[in-house]
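Structure below is run-v2.txt: compact mmCIF, C-alpha atoms.
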```
# COMPACT_ATOMS: atom_id res chain seq x y z
CA MET A 1067 -3.09 -6.41 1.23
CA THR A 1068 0.42 -5.04 1.64
CA ALA A 1069 2.47 -4.99 4.81
CA SER A 1070 1.11 -1.51 5.42
CA GLY A 1071 -2.46 -2.76 5.25
CA ARG A 1072 -3.35 -1.24 1.87
CA LYS A 1073 -4.38 -3.05 -1.31
CA CYS A 1074 -2.16 -3.12 -4.37
CA VAL A 1075 -3.03 -0.32 -6.77
CA SER A 1076 -3.08 -2.40 -9.95
CA PRO A 1077 -5.85 -5.02 -10.28
CA GLY A 1078 -4.44 -8.50 -9.90
CA ALA A 1079 -1.11 -7.21 -8.64
CA ASN A 1080 0.65 -8.87 -5.75
CA GLU A 1081 3.38 -7.81 -3.38
CA ILE A 1082 6.96 -8.18 -4.61
CA LEU A 1083 8.76 -6.65 -1.59
CA SER A 1084 7.68 -6.09 1.99
CA ALA A 1085 9.40 -4.71 5.06
CA SER A 1086 8.29 -5.10 8.66
CA HIS A 1087 9.51 -3.08 11.64
CA LEU A 1088 12.82 -2.11 10.05
CA ARG A 1089 15.26 -0.19 12.22
CA LYS A 1090 18.67 1.24 11.43
CA SER A 1091 20.68 3.51 13.73
CA PHE A 1092 24.02 5.20 13.31
CA HIS A 1093 26.38 6.17 16.12
CA ALA A 1094 28.25 9.47 16.31
CA PRO A 1095 30.51 10.94 19.00
CA ALA A 1096 28.55 12.90 21.58
CA GLN A 1097 30.81 15.90 20.96
CA LEU A 1098 29.37 16.26 17.46
CA TRP A 1099 25.86 16.58 18.85
CA ALA A 1100 27.08 19.06 21.44
CA ARG A 1101 28.69 21.23 18.76
CA ALA A 1102 25.45 21.03 16.76
CA GLY A 1103 23.56 22.42 19.74
CA ARG A 1104 21.91 19.15 20.82
CA ASN A 1105 21.47 19.12 24.58
CA GLY A 1106 21.36 16.17 26.88
CA THR A 1107 24.03 14.09 25.16
CA THR A 1108 26.01 11.89 27.50
CA GLY A 1109 28.62 9.19 27.16
CA ARG A 1110 31.03 8.59 24.30
CA SER A 1111 28.52 8.22 21.45
CA THR A 1112 24.90 8.86 20.58
CA ALA A 1113 22.70 6.65 18.39
CA THR A 1114 20.41 8.28 15.85
CA ALA A 1115 17.62 6.26 14.24
CA ALA A 1116 17.78 6.86 10.47
CA VAL A 1117 15.07 4.22 9.92
CA ASP A 1118 12.70 3.86 12.84
CA ASP A 1119 10.19 0.97 12.87
CA VAL A 1120 9.27 1.18 9.16
CA THR A 1121 6.65 -1.20 7.75
CA LEU A 1122 5.60 -1.00 4.10
CA GLY A 1123 4.91 -3.07 1.01
CA VAL A 1124 5.66 -2.66 -2.69
CA CYS A 1125 3.25 -4.12 -5.22
CA ARG A 1126 4.42 -5.73 -8.45
CA GLY A 1127 4.43 -3.31 -11.38
CA GLU A 1128 3.84 -0.17 -9.33
CA THR A 1129 6.05 2.84 -8.62
CA LEU A 1130 6.43 3.52 -4.92
CA ALA A 1131 7.84 6.96 -4.17
CA ILE A 1132 9.50 7.52 -0.79
CA VAL A 1133 9.48 11.26 -0.11
CA GLY A 1134 10.65 13.55 2.65
CA GLU A 1135 13.11 16.30 3.49
CA SER A 1136 16.87 15.79 3.38
CA GLY A 1137 17.83 13.74 6.41
CA SER A 1138 14.43 12.09 6.75
CA GLY A 1139 15.94 8.63 6.22
CA LYS A 1140 14.58 7.84 2.75
CA THR A 1141 17.92 6.99 1.11
CA THR A 1142 18.98 4.91 4.11
CA LEU A 1143 15.68 3.02 3.90
CA ALA A 1144 16.23 2.31 0.19
CA ARG A 1145 19.73 0.98 0.86
CA VAL A 1146 18.46 -1.17 3.72
CA LEU A 1147 15.72 -2.62 1.48
CA LEU A 1148 18.45 -3.74 -0.97
CA ARG A 1149 20.77 -4.89 1.84
CA LEU A 1150 23.42 -2.40 0.79
CA ILE A 1151 23.17 -1.55 4.49
CA GLU A 1152 22.19 -4.23 6.98
CA PRO A 1153 19.31 -3.26 9.31
CA ASP A 1154 19.61 -3.49 13.09
CA SER A 1155 16.32 -5.38 13.25
CA GLY A 1156 13.18 -6.14 11.28
CA GLU A 1157 12.22 -8.32 8.33
CA ILE A 1158 12.46 -7.96 4.55
CA ARG A 1159 10.73 -10.37 2.19
CA PHE A 1160 11.29 -10.49 -1.58
CA GLU A 1161 8.71 -12.50 -3.50
CA ASP A 1162 7.75 -14.01 -0.13
CA HIS A 1163 11.31 -15.21 0.59
CA ASP A 1164 13.22 -14.08 3.68
CA PHE A 1165 15.75 -11.69 2.13
CA LEU A 1166 17.72 -11.09 5.34
CA ALA A 1167 18.21 -14.82 5.93
CA ALA A 1168 19.32 -15.53 2.35
CA ARG A 1169 22.88 -16.71 1.84
CA GLY A 1170 24.97 -18.14 -1.01
CA PRO A 1171 23.16 -18.95 -4.30
CA ALA A 1172 19.76 -17.87 -2.93
CA LEU A 1173 21.12 -14.43 -2.04
CA ARG A 1174 22.84 -14.07 -5.41
CA LEU A 1175 19.60 -14.90 -7.21
CA MET A 1176 17.64 -12.29 -5.27
CA ARG A 1177 20.34 -9.63 -5.64
CA ARG A 1178 20.32 -10.15 -9.42
CA GLN A 1179 16.62 -9.26 -9.46
CA MET A 1180 17.03 -6.04 -7.41
CA GLN A 1181 19.11 -3.21 -8.88
CA MET A 1182 19.77 0.45 -8.07
CA ILE A 1183 20.13 3.61 -10.16
CA PHE A 1184 22.32 5.99 -8.19
CA GLN A 1185 21.69 9.68 -7.71
CA ASP A 1186 24.74 11.27 -9.33
CA PRO A 1187 25.29 10.29 -12.98
CA TYR A 1188 28.78 11.84 -12.82
CA SER A 1189 30.29 9.99 -9.85
CA SER A 1190 28.45 6.66 -10.21
CA LEU A 1191 30.35 5.61 -13.37
CA ASP A 1192 34.02 4.62 -13.13
CA PRO A 1193 35.87 7.15 -15.35
CA ARG A 1194 38.63 4.61 -16.12
CA MET A 1195 36.25 2.04 -17.63
CA ARG A 1196 34.65 2.01 -21.06
CA ILE A 1197 30.87 1.74 -21.18
CA ASP A 1198 30.91 -1.88 -22.36
CA ALA A 1199 33.01 -2.80 -19.32
CA ILE A 1200 30.72 -0.86 -16.95
CA LEU A 1201 27.62 -2.60 -18.30
CA GLY A 1202 29.37 -5.95 -18.63
CA GLU A 1203 30.63 -6.02 -15.04
CA PRO A 1204 27.29 -7.21 -13.55
CA LEU A 1205 27.18 -9.94 -16.20
CA ASP A 1206 30.70 -11.07 -15.28
CA ILE A 1207 29.62 -11.34 -11.64
CA TYR A 1208 26.26 -13.06 -12.06
CA HIS A 1209 26.80 -14.95 -15.34
CA PRO A 1210 30.47 -15.98 -15.43
CA GLU A 1211 29.50 -18.91 -17.66
CA TRP A 1212 28.55 -16.60 -20.54
CA GLY A 1213 30.96 -16.12 -23.43
CA ARG A 1214 32.17 -12.78 -24.77
CA ALA A 1215 29.65 -12.72 -27.63
CA GLU A 1216 26.68 -13.27 -25.32
CA ARG A 1217 27.84 -10.57 -22.90
CA ARG A 1218 28.34 -8.14 -25.79
CA SER A 1219 24.84 -8.90 -27.06
CA LYS A 1220 23.29 -8.16 -23.64
CA VAL A 1221 25.24 -4.90 -23.34
CA GLU A 1222 24.06 -3.76 -26.77
CA GLU A 1223 20.46 -4.68 -25.92
CA ALA A 1224 20.63 -2.58 -22.74
CA LEU A 1225 22.08 0.42 -24.59
CA THR A 1226 19.42 0.19 -27.28
CA ALA A 1227 16.67 -0.05 -24.64
CA VAL A 1228 17.68 3.31 -23.14
CA GLY A 1229 17.99 5.03 -26.52
CA LEU A 1230 21.77 4.98 -26.96
CA ASP A 1231 23.65 3.76 -30.03
CA ILE A 1232 25.71 0.61 -29.61
CA SER A 1233 28.77 2.59 -30.74
CA CYS A 1234 28.68 4.20 -27.28
CA ALA A 1235 29.99 0.95 -25.81
CA LYS A 1236 33.63 1.78 -26.64
CA ARG A 1237 33.58 5.29 -25.17
CA PHE A 1238 34.38 6.59 -21.67
CA PRO A 1239 31.91 8.28 -19.28
CA HIS A 1240 33.48 11.76 -19.68
CA GLU A 1241 32.44 11.74 -23.35
CA PHE A 1242 28.75 11.87 -22.41
CA SER A 1243 26.36 14.53 -21.11
CA GLY A 1244 24.62 14.23 -17.74
CA GLY A 1245 21.43 12.93 -19.33
CA GLN A 1246 23.33 10.35 -21.35
CA ARG A 1247 25.21 9.22 -18.25
CA GLN A 1248 21.92 8.76 -16.44
CA ARG A 1249 20.75 6.59 -19.33
CA ILE A 1250 23.96 4.54 -19.00
CA GLY A 1251 23.23 4.12 -15.29
CA ILE A 1252 19.75 2.90 -16.16
CA ALA A 1253 21.20 0.50 -18.75
CA ARG A 1254 23.58 -0.90 -16.12
CA ALA A 1255 20.60 -1.57 -13.84
CA LEU A 1256 18.63 -3.19 -16.68
CA VAL A 1257 21.36 -5.42 -18.11
CA LEU A 1258 20.53 -8.21 -15.63
CA ARG A 1259 16.78 -7.92 -16.36
CA PRO A 1260 15.78 -7.22 -12.74
CA LYS A 1261 12.26 -7.22 -11.38
CA LEU A 1262 12.77 -4.34 -8.91
CA VAL A 1263 14.70 -1.12 -9.56
CA VAL A 1264 15.43 1.52 -6.91
CA ALA A 1265 16.12 5.04 -8.26
CA ASP A 1266 17.69 7.49 -5.79
CA GLU A 1267 16.79 11.10 -6.71
CA PRO A 1268 16.81 10.09 -10.41
CA VAL A 1269 16.81 13.58 -11.95
CA SER A 1270 18.16 15.85 -9.21
CA ALA A 1271 21.47 16.37 -11.06
CA LEU A 1272 19.78 17.06 -14.43
CA ASP A 1273 18.13 20.12 -15.91
CA VAL A 1274 14.36 20.20 -16.36
CA SER A 1275 14.22 19.26 -20.06
CA VAL A 1276 16.63 16.34 -19.67
CA GLY A 1277 14.79 15.22 -16.55
CA ALA A 1278 11.54 15.11 -18.53
CA GLN A 1279 13.20 12.83 -21.09
CA VAL A 1280 14.37 10.51 -18.29
CA PHE A 1281 10.81 10.41 -16.88
CA LYS A 1282 9.46 9.36 -20.26
CA LEU A 1283 12.17 6.72 -20.61
CA LYS A 1284 11.45 5.25 -17.17
CA ARG A 1285 7.75 4.89 -17.98
CA LYS A 1286 8.55 3.17 -21.29
CA LEU A 1287 11.02 0.77 -19.66
CA GLN A 1288 8.54 -0.06 -16.91
CA ALA A 1289 6.00 -1.08 -19.55
CA ASP A 1290 8.54 -2.90 -21.75
CA PHE A 1291 10.30 -4.83 -18.98
CA GLY A 1292 7.52 -5.19 -16.40
CA LEU A 1293 9.55 -3.30 -13.79
CA THR A 1294 8.62 -2.35 -10.26
CA TYR A 1295 10.15 0.95 -9.14
CA ILE A 1296 11.03 2.45 -5.79
CA VAL A 1297 11.82 6.13 -6.34
CA ILE A 1298 13.54 8.21 -3.66
CA SER A 1299 12.78 11.92 -3.93
CA HIS A 1300 12.34 15.13 -1.98
CA SER A 1301 10.39 16.68 -4.87
CA LEU A 1302 6.62 16.31 -4.92
CA PRO A 1303 6.34 17.47 -8.57
CA ILE A 1304 8.62 14.55 -9.52
CA VAL A 1305 6.50 12.19 -7.42
CA ALA A 1306 3.36 13.43 -9.16
CA GLN A 1307 4.84 12.48 -12.54
CA LEU A 1308 6.11 9.01 -11.62
CA ALA A 1309 4.43 7.47 -8.61
CA THR A 1310 1.39 5.26 -8.22
CA THR A 1311 1.95 5.04 -4.45
CA VAL A 1312 3.63 7.44 -2.01
CA ALA A 1313 5.23 6.85 1.39
CA VAL A 1314 6.08 10.02 3.34
CA MET A 1315 9.05 9.86 5.74
CA GLN A 1316 9.82 12.17 8.64
CA ALA A 1317 12.70 11.63 11.09
CA GLY A 1318 13.10 7.98 10.09
CA LYS A 1319 9.41 7.07 10.27
CA VAL A 1320 6.80 6.53 7.56
CA VAL A 1321 4.10 8.95 8.70
CA GLU A 1322 1.69 8.44 5.78
CA ILE A 1323 1.31 6.02 2.89
CA GLY A 1324 -1.31 5.68 0.16
CA THR A 1325 -2.04 6.14 -3.52
CA ALA A 1326 -0.43 9.12 -5.22
CA GLU A 1327 -3.89 10.59 -5.78
CA SER A 1328 -4.89 10.40 -2.13
CA ILE A 1329 -1.56 11.72 -0.81
CA LEU A 1330 -1.31 14.63 -3.27
CA LYS A 1331 -4.98 15.62 -3.15
CA SER A 1332 -6.00 14.81 0.43
CA PRO A 1333 -2.96 14.47 2.71
CA GLN A 1334 -3.88 13.48 6.26
CA HIS A 1335 -0.66 13.97 8.22
CA PRO A 1336 0.43 17.53 9.16
CA TYR A 1337 3.94 16.89 7.84
CA THR A 1338 2.61 15.83 4.42
CA GLN A 1339 0.35 18.88 4.39
CA ALA A 1340 3.37 21.10 5.13
CA LEU A 1341 5.38 19.51 2.31
CA LEU A 1342 2.56 20.15 -0.15
CA ALA A 1343 2.03 23.70 1.09
CA ALA A 1344 5.69 24.48 0.35
CA VAL A 1345 5.23 23.62 -3.36
CA PRO A 1346 3.69 26.39 -5.54
CA SER A 1347 1.78 23.88 -7.69
CA ILE A 1348 1.65 20.13 -8.23
CA PRO A 1349 1.28 18.91 -11.84
CA ALA A 1350 -1.41 16.36 -12.57
CA TYR A 1351 -0.24 12.98 -11.35
CA ALA A 1352 0.47 10.35 -13.98
```
What would you get if you wrote out this structure as structure tokens?
Amino acid sequence: MTASGRKCVSPGANEILSASHLRKSFHAPAQLWARAGRNGTTGRSTATAAVDDVTLGVCRGETLAIVGESGSGKTTLARVLLRLIEPDSGEIRFEDHDFLAARGPALRLMRRQMQMIFQDPYSSLDPRMRIDAILGEPLDIYHPEWGRAERRSKVEEALTAVGLDISCAKRFPHEFSGGQRQRIGIARALVLRPKLVVADEPVSALDVSVGAQVFKLKRKLQADFGLTYIVISHSLPIVAQLATTVAVMQAGKVVEIGTAESILKSPQHPYTQALLAAVPSIPAYA
């Protein structure tokens, strides 16, 4: 059973990541809320819960999609799960180890196994660095003992895995299309051979045909590398193509979680029903 009380989708699978009662609030000056038309604000600042008592589990080898409207807290939740943002309270366990308590070498080991693919393929790559330096940077951080030849070999393996020629290594990001840059972002996440990859709105900046190619690539890489995905998206058609499990967020809370089939075919929560009703048609889930 996962932290949410459901069984892992894949037979024999076990939980790789779990979160219990996570909370994360942000403070803003009360004047901002007053200008936005929020009544009842007092004092110098007001706290808003971006993640509000979230409990969920991610099973090894599955793709968990976290969906919801803009501002629902899904990206904040993803960043909290990776400790890019520290939660106010709650527990996160990675492979049954206390992730929030980890320090030093233990933390470095866990961070190496959890990587993120960022939303914008244009701003997420340093324009001043060549591709071999961008992909080699994680190796310099986590494997400083490796020589230049070994780092170059790992960079070339990552480029080949995402369908790019190794000659790309000496070029700069501006020389690539949006779809190619997204592949480079995926290669950067894969170069450390992680177990868990978080993809934040993975195709929102790409056109439909290029997005379809990225979908196909992600499925292939999941099979080749044994990856577990967490996908952040506001698009239910995207979720239908990628996810095995769906968690629906509204105002910082997970209001419904279950298999992609059950969520897309028989949603139980009114918010999930409203999200589905707003979509003209949902393609058959993968």
**OP:** Figure out the distance between CA of Val1312 (chain A) and CA of Leu1148 (chain A), please, to one decimal in Å.
**Re:**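 Spanning CA of Leu1148 (chain A) to CA of Val1312 (chain A) is a straight-line distance of 18.6 Å.
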Original post:
Which neighbours of Phe1281 (chain A) fall inside 8 Å, counting all atoms listed in the file, when residues of the same chain fewer than 3 positions from it are skipped, and could you give them as a PyMOL selection string?
Top reply: chain A and resi 1277-1278+1284-1285+1307-1308
Original post:
Please, what distance in Å, to one decimal, runs between CA of Arg1196 (chain A) and CA of Pro1171 (chain A)?
Top reply: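 Between CA of Arg1196 (chain A) and CA of Pro1171 (chain A) the gap is 29.2 Å.
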**OP:** Work out how far CA of Val1263 (chain A) is from CA of Leu1302 (chain A), in Å to one decimal.
**Re:** 19.8 Å
**OP:** Compile the contact shell of Lys1090 (chain A) as number ranges by chain: residues with an atom at most 7 Å away, counting only C-alpha atoms, same-chain residues fewer than 6 positions apart removed.
**Re:** A: 1115-1118, 1153-1154
**OP:** Determine the nearest neighbour of Tyr1188 (chain A) from the options A:Leu1147, A:Ile1250, A:Val1264, A:Ala1215, counting all atoms listed in the file.
**Re:**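 Checking each of A:Leu1147, A:Ile1250, A:Val1264, A:Ala1215 against Tyr1188 (chain A), counting all atoms listed in the file, the winner is A:Ile1250.
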Original post:
Got a sec: who's within 8 Å of Arg1249 (chain A), counting only C-alpha atoms, leaving out chain neighbours fewer than 2 positions off, as an MDAnalysis selection string?
Top reply: chainID A and resid 1228:1230 1245:1247 1251:1253 1280
How about saving the chosen residues, C-alpha atoms kept, as a compact mmCIF listing (two decimals), keeping the file's coordinate frame?
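Saved the output as again_12.txt:
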```txt
# COMPACT_ATOMS: atom_id res chain seq x y z
CA VAL A 1228 17.68 3.31 -23.14
CA GLY A 1229 17.99 5.03 -26.52
CA LEU A 1230 21.77 4.98 -26.96
CA GLY A 1245 21.43 12.93 -19.33
CA GLN A 1246 23.33 10.35 -21.35
CA ARG A 1247 25.21 9.22 -18.25
CA GLY A 1251 23.23 4.12 -15.29
CA ILE A 1252 19.75 2.90 -16.16
CA ALA A 1253 21.20 0.50 -18.75
CA VAL A 1280 14.37 10.51 -18.29
```
**OP:** For Leu1166 (chain A), work out the shell of residues within 9 Å, counting all atoms listed in the file and skipping chain neighbours fewer than 4 positions away, then give it as an NGL selection string.
**Re:** :A and (1149 or 1152-1153 or 1156-1159 or 1173)
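Neighbourhood of point (7.9, 19.7, -7.9): residues with an atom at most 7 Å away, counting only C-alpha atoms, are Ser1301, Leu1302, Pro1303, Ile1304, Val1345 and Ile1348 of chain A.
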Kindly export the residues of the current selection with C-alpha atoms, as an mmCIF file, keeping the file's coordinate frame.
```cif
data_model
loop_
_atom_site.group_PDB
_atom_site.id
_atom_site.type_symbol
_atom_site.label_atom_id
_atom_site.label_comp_id
_atom_site.auth_asym_id
_atom_site.auth_seq_id
_atom_site.Cartn_x
_atom_site.Cartn_y
_atom_site.Cartn_z
ATOM 1 C CA SER A 1301 10.390 16.680 -4.870
ATOM 2 C CA LEU A 1302 6.620 16.310 -4.920
ATOM 3 C CA PRO A 1303 6.340 17.470 -8.570
ATOM 4 C CA ILE A 1304 8.620 14.550 -9.520
ATOM 5 C CA VAL A 1345 5.230 23.620 -3.360
ATOM 6 C CA ILE A 1348 1.650 20.130 -8.230
#
```
**OP:** Give me the residues within 6 Å of Asp1266 (chain A) as an NGL selection string, counting only C-alpha atoms and dropping any in the same chain fewer than 3 places off.
**Re:** :A and (1184-1185 or 1298)
**OP:** Go through A:Leu1262, A:Leu1341, A:Val1257, A:Leu1201 one by one, measure the shortest atom-to-atom distance of each to Ile1296 (chain A) using all atoms listed in the file, and give the residue with the smallest value.
**Re:**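 Checking each candidate against Ile1296 (chain A), we get A:Leu1262 as the closest.
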Give the centre and edge lengths of an axis-aligned box, in Å to one decimal, that holds all listed atoms of region 1239-1255 of chain A with 4 Å on each side, as AutoDock Vina command-line options.
```
--center_x 26.6 --center_y 6.5 --center_z -18.6 --size_x 21.7 --size_y 24.1 --size_z 17.5
```
Original post:
Hey, which of A:Ala1306, A:Ala1227, A:Ile1132, A:Val1221 ends up closest to Val1321 (chain A)? Count all atoms listed in the file.
Top reply: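 Closest to Val1321 (chain A), using all atoms listed in the file: A:Ile1132.
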Original post:
From the set A:Leu1175, A:Ala1168, A:Val1314, A:Ala1343, which residue has the shortest atom-to-atom contact distance to Pro1260 (chain A), counting all atoms listed in the file?
Top reply: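 Looking at the shortest contact to Pro1260 (chain A), the residue is A:Leu1175.
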**OP:** Counting all atoms listed in the file, find the residues whose atoms lie at most 9 Å from (15.1, -5.1, -14.4) (file coordinates) and write them out as a ChimeraX atom specification.
**Re:** /A:1178-1181,1255-1263,1287-1288,1291-1294
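Counting all atoms listed in the file and comparing A:Ala1172, A:Tyr1337, A:Leu1191, A:Phe1160, the residue that lies closest to Gly1244 (chain A) is A:Leu1191.
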